[in-house]
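Enquirer: Input coords-v3.csv, format and content: CSV, C-alpha atoms.
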```csv
chain,number,residue,atom,x,y,z
A,536,MET,CA,-25.0,-13.3,17.5
A,537,ALA,CA,-23.0,-11.2,15.0
A,538,VAL,CA,-21.6,-14.3,13.4
A,539,LEU,CA,-25.1,-15.8,13.2
A,540,LEU,CA,-26.6,-12.7,11.6
A,541,SER,CA,-23.7,-12.3,9.2
A,542,GLY,CA,-24.1,-15.9,8.1
A,543,LEU,CA,-27.8,-15.4,7.4
A,544,VAL,CA,-27.0,-12.2,5.4
A,545,LEU,CA,-24.4,-14.0,3.4
A,546,ALA,CA,-26.9,-16.8,2.7
A,547,LEU,CA,-29.6,-14.5,1.3
A,548,PRO,CA,-28.5,-14.8,-2.3
A,549,TYR,CA,-28.8,-18.6,-2.2
A,550,MET,CA,-32.1,-18.3,-0.5
A,551,ARG,CA,-33.5,-15.9,-3.1
A,552,GLN,CA,-32.5,-18.4,-5.8
A,553,GLY,CA,-34.5,-21.1,-4.0
A,554,GLY,CA,-31.6,-23.6,-3.8
A,555,VAL,CA,-29.7,-23.7,-0.6
A,556,PRO,CA,-26.8,-26.1,-0.9
A,557,GLY,CA,-26.6,-28.9,1.8
A,558,TRP,CA,-23.4,-27.6,3.3
A,559,MET,CA,-25.0,-24.2,3.8
A,560,GLY,CA,-28.1,-25.7,5.4
A,561,LEU,CA,-25.9,-27.6,7.8
A,562,MET,CA,-23.9,-24.5,8.5
A,563,MET,CA,-27.0,-22.5,9.3
A,564,ILE,CA,-28.7,-25.1,11.5
A,565,ALA,CA,-25.5,-25.9,13.4
A,566,GLY,CA,-24.9,-22.1,13.9
A,567,ILE,CA,-28.4,-21.5,15.2
A,568,ILE,CA,-28.2,-24.4,17.6
A,569,GLY,CA,-24.8,-23.4,18.9
A,570,ALA,CA,-25.9,-19.7,19.3
A,571,PHE,CA,-29.0,-20.8,21.1
A,572,GLY,CA,-27.0,-23.0,23.5
A,573,ALA,CA,-24.6,-20.2,24.2
A,574,VAL,CA,-27.2,-17.5,24.8
A,575,ALA,CA,-29.8,-19.7,26.6
A,576,ILE,CA,-27.5,-21.8,28.8
A,577,SER,CA,-23.9,-20.6,28.9
A,578,VAL,CA,-24.5,-16.9,29.5
A,579,PRO,CA,-27.0,-17.3,32.4
A,580,THR,CA,-24.8,-19.9,34.0
A,581,ALA,CA,-21.8,-17.7,33.8
A,582,ALA,CA,-23.9,-14.9,35.4
A,583,LYS,CA,-24.9,-17.2,38.3
A,584,LEU,CA,-21.2,-18.2,38.8
A,585,ALA,CA,-20.2,-14.6,38.9
A,586,ARG,CA,-22.7,-13.9,41.7
A,587,LEU,CA,-21.5,-16.7,43.9
A,588,GLY,CA,-19.7,-15.7,47.0
A,589,VAL,CA,-17.5,-17.4,49.6
A,590,ASP,CA,-19.5,-19.4,52.1
A,591,ALA,CA,-19.2,-19.1,55.9
A,592,ARG,CA,-16.3,-21.6,56.0
A,593,GLY,CA,-14.4,-19.5,53.6
A,594,GLY,CA,-14.7,-22.0,50.7
A,595,LEU,CA,-16.8,-22.2,47.6
A,596,PRO,CA,-20.5,-22.9,47.9
A,597,GLU,CA,-21.9,-26.3,46.9
A,598,ALA,CA,-23.6,-24.8,43.9
A,599,PHE,CA,-20.3,-23.9,42.3
A,600,LYS,CA,-19.5,-27.5,41.2
A,601,THR,CA,-22.9,-27.9,39.6
A,602,LEU,CA,-22.8,-24.6,37.8
A,603,ARG,CA,-19.2,-25.2,36.7
A,604,LYS,CA,-20.1,-28.6,35.2
A,605,ARG,CA,-23.2,-27.1,33.5
A,606,GLN,CA,-21.0,-24.3,32.1
A,607,ILE,CA,-18.4,-26.7,30.8
A,608,LEU,CA,-20.9,-28.9,29.1
A,609,ALA,CA,-23.0,-26.1,27.6
A,610,ALA,CA,-19.9,-24.3,26.3
A,611,THR,CA,-18.4,-27.5,24.8
A,612,ILE,CA,-21.7,-28.4,23.0
A,613,ALA,CA,-22.1,-24.8,21.7
A,614,GLY,CA,-18.5,-24.8,20.5
A,615,GLY,CA,-18.9,-28.2,18.9
A,616,PHE,CA,-21.8,-26.9,16.9
A,617,GLY,CA,-19.7,-23.9,15.9
A,618,LEU,CA,-17.0,-26.2,14.7
A,619,ILE,CA,-19.5,-28.3,12.7
A,620,ALA,CA,-20.7,-25.1,11.0
A,621,MET,CA,-17.2,-24.0,10.2
A,622,PHE,CA,-16.2,-27.4,8.8
A,623,ALA,CA,-19.4,-27.6,6.8
A,624,VAL,CA,-18.5,-24.4,5.0
A,625,THR,CA,-14.9,-25.3,4.6
A,626,LEU,CA,-15.6,-28.8,3.2
A,627,GLY,CA,-18.6,-27.6,1.2
A,628,LYS,CA,-16.8,-24.8,-0.6
A,629,TRP,CA,-13.8,-27.1,-1.3
```
If you took the structure in this file and wrote it as structure tokens, what would it be?

Expert:
Amino acid sequence: MAVLLSGLVLALPYMRQGGVPGWMGLMMIAGIIGAFGAVAISVPTAAKLARLGVDARGGLPEAFKTLRKRQILAATIAGGFGLIAMFAVTLGKW
């Protein structure tokens, strides 16, 4: 969230001028989508995984596999949007 907010603060001068470059728009949109995915999906899934306990047989519960796959997918997508935002800035400023 700090990265998202700092990006918005750094974009304020461009927004005040009325002309946001395409690379900055892509950075902001990708950052917002990535942050939303991390906060809305990854964090609650990680909390559910942390609350899981060992079942009666001494193994992991059935929900573990489902939650683990959801966590992997959500974190990968959020990280991908973060990389898109980073590359947009790097290539846009180049």

Enquirer: Excluding region 595-609 of chain A and its own-chain neighbours fewer than 3 positions away, which residues fall within 9 Å of it when counting only C-alpha atoms? Please give them as a PyMOL selection string.

Expert: chain A and resi 572-573+576-578+580-581+583-584+587-592+612-614

Enquirer: Would you mind reading off the distance between CA of Arg551 (chain A) and CA of Thr625 (chain A), one decimal, in Å?

Expert: 22.2 Å

Enquirer: Taking all atoms listed in the file into account, name the residue in A:Pro579, A:Gly617, A:Gly627, A:Ser541 that is nearest to Trp558 (chain A).

Expert: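 Once distances to Trp558 (chain A) are computed over all atoms listed in the file, the minimum belongs to A:Gly627.
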
Enquirer: Which value, in Å to one decimal, gives the distance between CA of Ala582 (chain A) and CA of Ala570 (chain A)?

Expert: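 These two atoms are separated by 16.9 Å.
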
Enquirer: By how many Å are CA of Gly560 (chain A) and CA of Phe622 (chain A) apart?

Expert: 12.5 Å

Enquirer: How would you write as a PyMOL selection string the residues that get within 12 Å of (-29.9, -29.7, 15.2) in the file's frame, counting only C-alpha atoms?

Expert: chain A and resi 560-572+612-613+615-617+619-620

Enquirer: Write to file, as a PDB file, in the coordinates of the input, the residues of the selection just made, with C-alpha atoms.

Expert:
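Printed below is again05.pdb as written:
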```pdb
ATOM      1  CA  GLY A 560     -28.100 -25.700   5.400  1.00  0.00           C
ATOM      2  CA  LEU A 561     -25.900 -27.600   7.800  1.00  0.00           C
ATOM      3  CA  MET A 562     -23.900 -24.500   8.500  1.00  0.00           C
ATOM      4  CA  MET A 563     -27.000 -22.500   9.300  1.00  0.00           C
ATOM      5  CA  ILE A 564     -28.700 -25.100  11.500  1.00  0.00           C
ATOM      6  CA  ALA A 565     -25.500 -25.900  13.400  1.00  0.00           C
ATOM      7  CA  GLY A 566     -24.900 -22.100  13.900  1.00  0.00           C
ATOM      8  CA  ILE A 567     -28.400 -21.500  15.200  1.00  0.00           C
ATOM      9  CA  ILE A 568     -28.200 -24.400  17.600  1.00  0.00           C
ATOM     10  CA  GLY A 569     -24.800 -23.400  18.900  1.00  0.00           C
ATOM     11  CA  ALA A 570     -25.900 -19.700  19.300  1.00  0.00           C
ATOM     12  CA  PHE A 571     -29.000 -20.800  21.100  1.00  0.00           C
ATOM     13  CA  GLY A 572     -27.000 -23.000  23.500  1.00  0.00           C
ATOM     14  CA  ILE A 612     -21.700 -28.400  23.000  1.00  0.00           C
ATOM     15  CA  ALA A 613     -22.100 -24.800  21.700  1.00  0.00           C
ATOM     16  CA  GLY A 615     -18.900 -28.200  18.900  1.00  0.00           C
ATOM     17  CA  PHE A 616     -21.800 -26.900  16.900  1.00  0.00           C
ATOM     18  CA  GLY A 617     -19.700 -23.900  15.900  1.00  0.00           C
ATOM     19  CA  ILE A 619     -19.500 -28.300  12.700  1.00  0.00           C
ATOM     20  CA  ALA A 620     -20.700 -25.100  11.000  1.00  0.00           C
TER      21      ALA A 620
END
```
